[in-house]
Every structure is written in C-alpha cells, then in structure tokens.
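Below is one structure, written out as structure tokens; comments come after it.
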Amino acid sequence: MNEQAAKTSLYDWHVAQGARMVDFAGWSMPVQYTSIVDEHQAVRRAAGVFDVSHMGRLRFDGQDAGRFLDRVLTRRVIDLPLGKVRYSLVTNEQGGILDDILVSQLETPSGRRYYLLVVNAGNRDKIVAWFRSLLTPADGDVEMADRTVETAMIAIQGPQSVQILKQLVKVDLDKISYYTGVVIKSFARPCTVTRTGYTGEDGFELIVRAEDAVEVCSNLFRAGREMGLKPAGLGARDTLRLEAGMPLYGHELSEAINPYQAGLGFAVNLQGRSFVGADALRRLQEDVDQPKRIGLELAGRRVPREHYPVVAGGQSIGAVTSGTFSPTLDKPIAMAYVRPEGAGAELAVDIRGRLEPARAVELPFYRRSQRK
C-alpha cells in the first residue's frame with residue numbers, strides 16, 4: 001500500500017476492526033473486514049456502515065452560488081428547493097463526463113444557506129481546479145471551500161438503517177425523504193444528514209467534523225449491533241452498487257463517455273439553459289449510433305471482468321466495464337458498453353478465450369422490492 005496515501009479520521013478505527021486496507025484514489029481505505037459477501041449480505045438484510053470520507057465535499061456560499069452552479073452542472077440548480085439533493089453531472093465543452101456528483105441546498109442551524117457538492121474522490125482535485133477555472137468576477141458573490149479534510153462522511157445503508165439512526169439523532173427521519181437532507185445538532189455538534197445511497201438500499205449519510213467521526217461510528221455500533229449492523233468496505237460497496245446498476249467513474253463514466261451513452265439523460269436539463277457542454281449535448285442527444293451502457297447476466301458461473309469483449313455474431317461489439325458474481329442473485333452480472341447492433345442479438349462475453357453466453361437485461365439488476 002502507498003505509504004503516502006491520505007488517511008481518513010477513521011483509519012485507526014478501521015485497523016482496530018481488522019480491516020484490510022488498500023490504496024484507493026490516493027486514500028488508505030478498508031476493502032473488507034471479514035468477507036465481501038458477508039458485508040454485502042449484511043447491507044441487504046440488516047445494515048452496514050461505510051466510511052466515505054474520501055469523497056470530496058465542496059461548499060458554495062454567497063448569494064450568486066446557485067446561479068454559478070447552474071452554469072457548470074448539467075442538472076438545473078437555480079430552482080433547487082431547500083433541503084433537496086439532486087444527482088447531476090459535470091461535463092466538458094465536448095459533453096464528456098468530468099464527474100457525477102450530488103448537489104444539495106442546505107441551511108445551518110443559524111439560518112445560513114449554502115450548496116454542498118459531493119464529488120468522487122479520484123476527481124476531487126480535477127473538479128476543484130475546473131470550477132476555479134470557470135469562476136470569474138462576473139459570477140458575483142460566490143465562495144467555494146473544499147471541506148473534505150476537516151469533515152468526515154459516514155454512510156449507513158440497509159433495511160435497519162432507519163431504526164438504528166432514530167436512536168441517535170433528534171430529527172424525524174420519516175420527514176427526510178429520499179434525496180433530501182438537513183443540518184442538525186447531534187450531541188451539541190453539527191451534523192448533516194442526507195438520505196441518498198449507493199447500494200440500492202435505504203440509508204443515510206452523516207457529515208460530521210473529522211474529530212467527531214470515531215465517536216459517531218462508535219455510537220452507531222452501540223445502537224445497531226444487536227440489529228445486525230456491520231462495518232463494510234469498498235469490496236461490498238462495489239458489489240452492491242453493481243447489483244443496483246449504478247455507474248462508477250473510471251469504469252462506466254469518463255471524459256470519453258457522454259450522459260446519453262451512460263443512460264443518464266435524466267440528469268441533463270437542456271431546455272432553456274446554457275451550461276458548459278450544453279451545445280455538444282444537444283447534438284449528442286440525437287446520435288443513435290453511439291455505444292450504450294447495458295446490463296448483462298451470464299448463463300454460467302464464470303465472472304466477466306473489465307475490458308472483456310462482448311461478442312455478437314462472432315464479432316466484438318463492445319466491452320465489459322464492471323463485472324462480479326452477484327451474492328444476491330447468485331449469478332454473474334456485468335455492465336458493458338455495446339454498439340447499437342447488439343440490441344436483440346445473441347450475446348456472449350469472451351472470458352479468457354472462451355465465449356460465455358449472456359443476455360442483455362434492464363438495469364438495475366436488483367431492486368429493494370425484490371428482497372425476500
């Protein structure tokens with residue numbers, strides 16, 4: 001592991017729990033504590049806690065902050081209600097995806113409103129530099145602050161997450177609906193609570209001061225251990241998000257991929273707007289010949305991995321971007337980009353020289369309503 005990797009405020013806690021640490025996007029992060037399958041199943045059946053402090057947290061203050069963000073994000077921001085969270089993209093002038101982000105408008109207990117952006121860990125420096133390059137005096141009163149290091153972010157995901165968190169926060173969690181958030185004081189300390197997630201399950205994210213992270217984590221486990229709460233690492237996070245059909249930057253998303261290829265057209269608001277990349281996206285929206293992201297289920301037990309060719313009629317028509325053996329569905333699954341001629345064709349994945357039959361399926365692979 002890279003000795004220079006950054007450490008979150010929960011690093012020592014992870015080590016004490018027996019986590020295997022790896023270098024991920026320049027951070028030393030837990031990949032697993034017991035086994036990926038055990039942690040995956042804990043989230044599906046009860047609840048799991050993830051340290052997501054490596055994700056970038058950018059705060060925007062000032063009366064013109066909303067207007068600036070509306071100019072640089074694909075999703076409309078200017079009408080974002082207080083307490084709401086939106087999934088959006090940052091695109092370059094060619095319409096390529098620089099990052100996928102969450103943007104929310106929040107209010108401190110003292111009444112000060114601001115915008116919070118959560119960005120991918122590996123893209124944080126790039127996105128900060130991108131925004132700074134676009135911010136001009138003409139944008140008015142806008143102040144951007146990178147709050148990543150001074151805060152921690154902890155996610156609790158799973159069907160028991162509401163019951164566990166209810167014991168710790170003095171806020172009606174039933175009023176925090178999906179993709180909303182609120183800033184509260186918990187144990188006399190500031191805490192941002194949002195309800196989004198990256199696993200396909202219900203759950204929350206807690207943003208607290210870095211120095212409070214260990215105590216918050218300890219409180220979660222005191223409240224939830226009897227309900228089956230377990231720590232979960234990056235390995236389970238990846239299998240969970242893949243079952244949920246959620247793209248990962250660097251795999252399904254990149255600057256060479258546009259939102260329509262990725263199936264993320266819902267995160268692009270073009271009508272009546274001008275933002276970076278909008279003109280290119282208007283053209284790309286009409287391109288029916290570009291490769292598209294699809295889901296694949298394989299008939300056998302062999303697991304497709306990134307870059308494995310997807311084949312139709314003896315010809316390669318695309319490639320796998322992410323693949324795993326699904327613990328929930330008990331079969332190999334993958335996401336891939338394939339050319340349009342792959343639609344409706346008999347497909348296979350070339351796994352080290354052997355063609356494994358596959359079928360295209362609608363994403364996501366798993367929905368909460370399927371839980372038995």
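Letters A, B, ... mark the chains of the structure tokens in the order given; residue numbers begin at 1 per chain; ligand numbers begin at 1, in order shown.
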
Could you list, as JSON, numbers by chain, every residue within 8 Å of region 49-65 of chain A, counting only C-alpha atoms and ignoring same-chain residues fewer than 4 positions away? {"A": [8, 10, 27, 69, 113, 114, 115, 116, 117, 118, 119, 120, 121, 124, 139, 140, 141, 142, 143, 144, 145, 146, 147, 148, 151, 152, 153, 154, 155, 156, 157, 229, 230, 231, 232, 233]}

Can you list every residue in region 128-322 of chain A that DSSP puts in helix (DSSP H, G or I), as a PyMOL selection string? chain A and resi 128-134+137-139+161-166+173-175+210-227+234-243+265-267+278-284

For Ile317 (chain A), the closest of A:Gly96, A:Gly245, A:Gly342, A:Gly295 counting only C-alpha atoms is A:Gly342

Taking the chain letters and numbering used in this document, name the residues of region 275-371 of chain A that DSSP puts in strand (DSSP E or B), as a PyMOL selection string. chain A and resi 292-298+309-312+315-326+331-338+347-351+354-361

Under the rule that only C-alpha atoms are counted, which of A:Ala312, A:Val183, A:Ala267, A:Val349 is the nearest residue to Thr91 (chain A)? A:Ala267

Ranking A:Ile184, A:Ala138, A:Cys217, A:Val338 by minimum distance to Pro291 (chain A) and counting only C-alpha atoms, which one comes first?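 Looking only at the distances to Pro291 (chain A), the closest residue turns out to be A:Val338.
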
Proximity of region 235-330 of chain A to region 32-42 of chain A: per-residue shortest pair, 12 Å limit, only C-alpha atoms, as CSV:
residue,atom,partner,partner_atom,distance
A:Gly235,CA,A:Ile36,CA,5.6
A:Ala236,CA,A:His40,CA,4.9
A:Arg237,CA,A:His40,CA,7.5
A:Asp238,CA,A:His40,CA,9.2
A:Thr239,CA,A:His40,CA,7.2
A:Leu240,CA,A:His40,CA,6.5
A:Arg241,CA,A:His40,CA,10.2
A:Leu242,CA,A:His40,CA,11.4
A:Glu243,CA,A:His40,CA,10.6
A:Thr324,CA,A:Val37,CA,11.4
A:Phe325,CA,A:Val37,CA,9.9
A:Ser326,CA,A:Val37,CA,9.1
A:Pro327,CA,A:Val37,CA,6.4
A:Thr328,CA,A:Gln41,CA,7.5
A:Leu329,CA,A:Gln41,CA,11.3
A:Asp330,CA,A:Val37,CA,11.1
